[in-house]
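S.K.: Contents of model.txt (compact mmCIF, C-alpha atoms):
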```txt
# COMPACT_ATOMS: atom_id res chain seq x y z
CA MET A 732 26.44 -59.74 93.05
CA SER A 733 28.45 -56.64 92.11
CA ARG A 734 25.87 -54.38 93.74
CA GLN A 735 26.09 -56.34 97.00
CA GLN A 736 29.87 -56.14 96.83
CA LYS A 737 29.71 -52.36 96.59
CA THR A 738 27.42 -52.24 99.62
CA ASP A 739 29.84 -54.41 101.57
CA ASP A 740 32.74 -52.19 100.52
CA VAL A 741 30.99 -49.09 101.82
CA LEU A 742 30.17 -50.81 105.11
CA GLU A 743 33.79 -51.86 105.45
CA GLU A 744 34.84 -48.25 104.88
CA PHE A 745 32.63 -47.17 107.78
CA ARG A 746 34.02 -49.91 110.00
CA LYS A 747 37.57 -48.76 109.31
CA ALA A 748 36.78 -45.11 110.01
CA TYR A 749 34.46 -45.33 113.02
CA PRO A 750 34.82 -47.01 116.41
CA ARG A 751 33.41 -50.53 116.04
CA SER A 752 30.43 -49.87 118.33
CA ILE A 753 29.29 -46.96 116.15
CA ALA A 754 30.18 -47.98 112.60
CA ASP A 755 27.12 -50.05 111.70
CA LEU A 756 24.69 -47.39 112.90
CA ALA A 757 26.62 -44.65 111.08
CA HIS A 758 26.37 -46.70 107.89
CA ARG A 759 22.66 -47.33 108.42
CA LEU A 760 21.95 -43.63 108.95
CA TRP A 761 23.90 -42.81 105.80
CA ASN A 762 21.77 -45.28 103.84
CA ASP A 763 18.57 -43.87 105.33
CA ILE A 764 19.54 -40.32 104.40
CA CYS A 765 20.44 -41.37 100.85
CA PHE A 766 17.04 -43.04 100.49
CA LEU A 767 15.35 -39.96 101.93
CA HIS A 768 17.02 -37.77 99.32
CA LEU A 769 15.98 -40.13 96.53
CA SER A 770 12.39 -40.13 97.77
CA VAL A 771 12.25 -36.34 98.08
CA SER A 772 13.80 -35.83 94.65
CA ALA A 773 11.38 -38.26 93.02
CA TYR A 774 8.43 -36.64 94.81
CA LEU A 775 9.39 -33.11 93.80
CA GLN A 776 10.26 -34.05 90.22
CA LEU A 777 6.96 -35.85 89.76
CA TYR A 778 4.54 -33.49 91.49
CA SER A 779 6.01 -29.97 91.50
CA SER A 780 5.51 -29.26 87.80
CA GLN A 781 2.02 -28.79 86.38
CA GLN A 782 3.26 -30.07 83.04
CA THR A 783 4.54 -33.30 84.60
CA VAL A 784 1.37 -33.75 86.66
CA LYS A 785 -0.66 -33.37 83.47
CA ILE A 786 1.34 -36.19 81.87
CA LEU A 787 0.82 -38.40 84.92
CA ASN A 788 -2.92 -37.70 84.99
CA SER A 789 -3.18 -38.49 81.30
CA SER A 790 -1.57 -41.90 81.68
CA ALA A 791 -2.34 -43.55 85.03
CA PRO A 792 -4.02 -41.01 87.34
CA ARG A 793 -5.03 -43.41 90.12
CA PHE A 794 -1.63 -45.05 90.29
CA PHE A 795 0.24 -41.75 90.44
CA ALA A 796 -2.19 -40.38 93.04
CA CYS A 797 -1.42 -43.43 95.21
CA LEU A 798 2.29 -43.01 94.54
CA GLU A 799 2.12 -39.36 95.62
CA ASN A 800 0.61 -40.32 98.98
CA TRP A 801 3.05 -43.21 99.41
CA LEU A 802 6.07 -41.00 98.69
CA ARG A 803 4.83 -38.34 101.09
CA LEU A 804 4.32 -40.94 103.81
CA THR A 805 7.75 -42.46 103.11
CA ILE A 806 9.41 -39.05 103.37
CA TYR A 807 7.64 -38.08 106.58
CA LEU A 808 8.34 -41.45 108.21
CA GLY A 809 11.99 -41.23 107.17
CA ILE A 810 12.36 -37.79 108.73
CA LYS A 811 10.52 -38.81 111.87
CA ARG A 812 12.58 -41.95 112.43
CA LEU A 813 15.89 -40.18 111.87
CA THR A 814 14.89 -37.64 114.50
CA ASP A 815 13.33 -40.02 117.02
CA PRO A 816 14.65 -39.99 120.61
CA ALA A 817 17.55 -42.24 121.51
CA GLN A 818 15.19 -44.71 123.15
CA SER A 819 11.53 -45.66 123.07
CA GLY A 820 10.86 -47.39 126.35
CA THR A 821 13.57 -50.01 126.75
CA ARG A 822 14.44 -50.16 123.05
CA SER A 823 17.22 -48.16 121.41
CA ASN A 824 16.41 -46.30 118.19
CA ALA A 825 18.47 -46.03 115.00
CA SER A 826 18.21 -42.24 115.03
CA PHE A 827 20.48 -39.21 115.32
CA ALA A 828 19.82 -39.10 119.06
CA GLY A 829 20.71 -42.78 119.31
CA PHE A 830 23.84 -42.04 117.29
CA ALA A 831 24.81 -39.27 119.70
CA LYS A 832 24.28 -41.64 122.62
CA LEU A 833 26.62 -44.24 121.12
CA LEU A 834 29.18 -41.57 120.30
CA ARG A 835 29.19 -40.43 123.90
CA GLU A 836 29.47 -44.00 125.19
CA ALA A 837 32.45 -44.56 122.88
CA GLY A 838 34.22 -41.52 124.32
CA GLU A 839 33.55 -39.30 121.28
CA THR A 840 32.16 -36.53 123.48
CA ALA A 841 32.96 -33.62 121.15
CA ALA A 842 31.20 -35.29 118.21
CA ALA A 843 28.19 -36.11 120.39
CA ASP A 844 27.98 -32.51 121.65
CA VAL A 845 28.00 -31.06 118.13
CA LEU A 846 25.40 -33.54 116.91
CA GLU A 847 23.08 -32.79 119.82
CA GLU A 848 23.43 -29.04 119.23
CA ASP A 849 22.57 -29.53 115.56
CA LEU A 850 19.50 -31.52 116.57
CA LYS A 851 18.34 -28.66 118.78
CA THR A 852 18.44 -26.26 115.83
CA LEU A 853 16.29 -28.68 113.82
CA LYS A 854 13.68 -29.07 116.53
CA GLN A 855 11.45 -26.16 115.53
CA THR A 856 11.45 -27.07 111.85
CA LEU A 857 10.61 -30.68 112.60
CA GLN A 858 7.46 -29.89 114.56
CA LYS A 859 5.21 -29.78 111.48
CA ILE A 860 6.07 -33.37 110.66
CA ARG A 861 6.39 -34.82 114.15
CA ARG A 862 2.92 -33.46 114.99
CA ILE A 863 1.30 -35.64 112.29
CA ARG A 864 -0.41 -38.14 114.57
CA GLN A 865 -0.95 -40.81 111.93
CA LEU A 866 2.81 -41.35 111.66
CA ALA A 867 2.75 -42.95 115.10
CA HIS A 868 -0.61 -44.73 114.90
CA ALA A 869 -3.95 -44.68 113.06
CA ASP A 870 -5.44 -41.80 115.02
CA LEU A 871 -9.21 -42.22 114.61
CA LYS A 872 -10.16 -38.55 114.50
CA ALA A 873 -7.41 -37.69 112.05
CA VAL A 874 -8.08 -40.69 109.81
CA LEU A 875 -11.81 -39.93 109.55
CA CYS A 876 -11.43 -36.22 108.84
CA GLU A 877 -12.08 -35.03 105.30
CA ASP A 878 -8.70 -33.38 104.89
CA SER A 879 -5.66 -35.28 103.66
CA PRO A 880 -4.12 -37.27 106.53
CA PHE A 881 -0.67 -36.33 105.31
CA PRO A 882 -0.57 -32.57 104.75
CA GLU A 883 1.73 -31.29 102.06
CA LEU A 884 4.84 -29.48 103.22
CA PRO A 885 5.77 -26.58 100.88
CA ARG A 886 8.53 -27.55 98.48
CA ASN A 887 11.06 -25.02 99.77
CA GLU A 888 10.47 -26.03 103.39
CA LEU A 889 10.86 -29.71 102.55
CA GLU A 890 14.10 -29.15 100.65
CA ILE A 891 15.54 -26.94 103.41
CA LEU A 892 14.62 -29.49 106.08
CA VAL A 893 16.10 -32.47 104.25
CA ASP A 894 19.27 -30.52 103.45
CA ALA A 895 19.56 -29.58 107.13
CA ILE A 896 19.16 -33.22 108.14
CA SER A 897 21.86 -34.25 105.66
CA ASN A 898 24.21 -31.52 106.84
CA THR A 899 23.68 -32.56 110.44
CA TYR A 900 24.82 -36.07 109.59
CA SER A 901 27.64 -34.94 107.28
CA ARG A 902 29.27 -32.76 109.93
CA THR A 903 29.57 -35.75 112.24
CA ASP A 904 30.54 -38.15 109.47
CA ALA A 905 33.37 -35.88 108.29
CA ARG A 906 35.03 -36.19 111.70
CA PHE A 907 35.58 -39.89 111.09
CA ARG A 908 35.66 -40.57 107.36
CA ARG A 909 37.48 -37.30 106.62
CA THR A 910 35.35 -36.75 103.57
CA GLN A 911 32.18 -34.89 102.64
CA SER A 912 29.05 -37.03 102.29
CA HIS A 913 27.45 -35.88 99.04
CA VAL A 914 24.11 -37.56 99.64
CA LYS A 915 22.19 -34.78 97.92
CA GLY A 916 23.58 -35.91 94.56
CA MET A 917 21.65 -39.16 94.93
CA GLY A 918 18.54 -37.32 93.78
CA MET A 919 19.97 -36.91 90.30
CA PHE A 920 19.40 -40.58 89.51
CA THR A 921 15.68 -41.05 90.14
CA GLY A 922 14.87 -41.76 86.49
CA VAL A 923 11.80 -39.52 86.63
CA ASP A 924 12.80 -37.67 83.46
CA VAL A 925 13.03 -40.96 81.54
CA LEU A 926 9.68 -42.13 82.92
CA THR A 927 7.83 -38.94 82.01
CA SER A 928 9.43 -38.96 78.55
CA PHE A 929 8.10 -42.46 77.86
CA LEU A 930 4.69 -41.56 79.26
CA GLN A 931 4.51 -38.43 77.16
CA ARG A 932 5.19 -40.44 74.03
CA GLY A 933 2.67 -43.08 74.99
CA VAL A 934 -0.23 -40.83 76.00
CA PRO A 935 -1.33 -39.94 72.41
CA SER A 936 -1.45 -43.59 71.35
CA LEU A 937 -3.21 -44.51 74.61
CA SER A 938 -5.79 -41.78 74.02
CA LYS A 939 -6.33 -42.98 70.45
CA ARG A 940 -6.72 -46.57 71.63
CA SER A 941 -9.26 -45.49 74.26
CA SER A 942 -11.16 -43.47 71.67
CA ASP A 943 -11.19 -46.39 69.23
CA LEU A 944 -12.38 -48.74 71.96
CA CYS A 945 -15.22 -46.39 72.90
CA GLY A 946 -16.20 -46.20 69.23
CA GLU A 947 -16.22 -49.98 68.94
CA LEU A 948 -18.41 -50.29 72.02
CA GLU A 949 -20.83 -47.69 70.69
CA ASN A 950 -21.10 -49.51 67.36
CA GLU A 951 -21.73 -52.81 69.13
CA GLY A 952 -24.45 -51.12 71.16
CA ARG A 953 -26.14 -49.78 68.04
CA LEU A 954 -26.03 -53.18 66.36
CA ALA A 955 -27.48 -54.85 69.44
CA ASN A 956 -30.37 -52.37 69.52
CA ALA A 957 -31.06 -52.56 65.79
```
What does the file become when written as structure tokens?
M.R.:
Amino acid sequence: MSRQQKTDDVLEEFRKAYPRSIADLAHRLWNDICFLHLSVSAYLQLYSSQQTVKILNSSAPRFFACLENWLRLTIYLGIKRLTDPAQSGTRSNASFAGFAKLLREAGETAAADVLEEDLKTLKQTLQKIRRIRQLAHADLKAVLCEDSPFPELPRNELEILVDAISNTYSRTDARFRRTQSHVKGMGMFTGVDVLTSFLQRGVPSLSKRSSDLCGELENEGRLANA
């Protein structure tokens, strides 16, 4: 209940600061960017360190391999949707371009102009992700190729891109809420350090249990063949 109340309080803050026709979308974009930062932070904390990857592979390798692909897909989809055009056919999109469109319709021309200029500067950097065909549909040729369907973006490029996306939003948000949106700090609370600590403690006992089980099975096999 308290968590829901906090969410409602934040939404109410947006509704007080923004024109009514824009507030809900501004709040939604803020949430999406926060989730994007959490996803990127978790992904980088889990898979950027060889030491951490070794712990993951020693505990539940298949699960963490699936999680790696899921996080990468989540990140790429999040970036793509935030930077989608204002409309797809007759449907409006909850994207930066859609945000700029609503700003302009509400008479916030200066804010819309700045946001659209910021989007232009992001365009080149976004091409690597927006060109991944599987994000739009299950492209047959891409799905059947031997390479990973979701190519890995270098860590520094990913961090720079996500920071640029956050800054693009924050510059517009500051015009209305008169405060800096510190969404990057969200990544501090992923809990990855706690998870890896528990896994690291558990791996030796898991290895011993597996070794004991193999020994028991071998003994049973010998007895059966005797």
S.K.: For the point (5.9, -40.6, 99.6) in the file's frame, write as a PyMOL selection string all residues with an atom no more than 12 Å away, counting only C-alpha atoms.
M.R.: chain A and resi 766-775+777-778+795-810+881-884
S.K.: Using C-alpha atoms, can you write the selected residues to a file as an mmCIF file, keeping the file's coordinate frame?
M.R.:
```cif
data_model
loop_
_atom_site.group_PDB
_atom_site.id
_atom_site.type_symbol
_atom_site.label_atom_id
_atom_site.label_comp_id
_atom_site.auth_asym_id
_atom_site.auth_seq_id
_atom_site.Cartn_x
_atom_site.Cartn_y
_atom_site.Cartn_z
ATOM 1 C CA PHE A 766 17.040 -43.040 100.490
ATOM 2 C CA LEU A 767 15.350 -39.960 101.930
ATOM 3 C CA HIS A 768 17.020 -37.770 99.320
ATOM 4 C CA LEU A 769 15.980 -40.130 96.530
ATOM 5 C CA SER A 770 12.390 -40.130 97.770
ATOM 6 C CA VAL A 771 12.250 -36.340 98.080
ATOM 7 C CA SER A 772 13.800 -35.830 94.650
ATOM 8 C CA ALA A 773 11.380 -38.260 93.020
ATOM 9 C CA TYR A 774 8.430 -36.640 94.810
ATOM 10 C CA LEU A 775 9.390 -33.110 93.800
ATOM 11 C CA LEU A 777 6.960 -35.850 89.760
ATOM 12 C CA TYR A 778 4.540 -33.490 91.490
ATOM 13 C CA PHE A 795 0.240 -41.750 90.440
ATOM 14 C CA ALA A 796 -2.190 -40.380 93.040
ATOM 15 C CA CYS A 797 -1.420 -43.430 95.210
ATOM 16 C CA LEU A 798 2.290 -43.010 94.540
ATOM 17 C CA GLU A 799 2.120 -39.360 95.620
ATOM 18 C CA ASN A 800 0.610 -40.320 98.980
ATOM 19 C CA TRP A 801 3.050 -43.210 99.410
ATOM 20 C CA LEU A 802 6.070 -41.000 98.690
ATOM 21 C CA ARG A 803 4.830 -38.340 101.090
ATOM 22 C CA LEU A 804 4.320 -40.940 103.810
ATOM 23 C CA THR A 805 7.750 -42.460 103.110
ATOM 24 C CA ILE A 806 9.410 -39.050 103.370
ATOM 25 C CA TYR A 807 7.640 -38.080 106.580
ATOM 26 C CA LEU A 808 8.340 -41.450 108.210
ATOM 27 C CA GLY A 809 11.990 -41.230 107.170
ATOM 28 C CA ILE A 810 12.360 -37.790 108.730
ATOM 29 C CA PHE A 881 -0.670 -36.330 105.310
ATOM 30 C CA PRO A 882 -0.570 -32.570 104.750
ATOM 31 C CA GLU A 883 1.730 -31.290 102.060
ATOM 32 C CA LEU A 884 4.840 -29.480 103.220
#
```
S.K.: Could you work out how far atom CA of A:Ile786 lies from atom CA of A:Gln931, giving the answer in Å with one decimal?
M.R.: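 About the pair atom CA of A:Gln931 and atom CA of A:Ile786: they are 6.1 Å apart.
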S.K.: For atom CA of A:Ala831 and atom CA of A:Val845, determine how far apart the two atoms are, in Å to one decimal place.
M.R.: 8.9 Å
S.K.: Using only C-alpha atoms, which of the listed residues (A:Arg932, A:Arg862, A:Arg886, A:Arg902) sits closest to A:Leu850?
M.R.: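 Answer, going by the shortest atom-to-atom distance: A:Arg902.
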S.K.: Given the point (27.2, -36.6, 114.7) in the coordinates of this file, which residues lie within 12 Å, counting only C-alpha atoms, and how would they look as a count of residues only?
M.R.: 42
S.K.: Work out how far apart atom CA of A:Leu892 and atom CA of A:Thr856 are and give it in Å to one decimal.
M.R.: 7.0 Å
S.K.: Out of A:Ser752, A:Leu930, A:Asp924, A:Cys765, which residue has the shortest atom-to-atom distance to A:Ala837 when counting only C-alpha atoms?
M.R.: A:Ser752
S.K.: So that I can see what lies close to A:Thr927, please list as a list in words the residues with an atom at most 10 Å from it, counting all atoms listed in the file and leaving out residues fewer than 6 positions away in the same chain.
M.R.: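 Contacts, with the query itself left out: Gln776, Leu777, Thr783, Val784, Ile786, Leu787, Ser790 and Gly933 of chain A.
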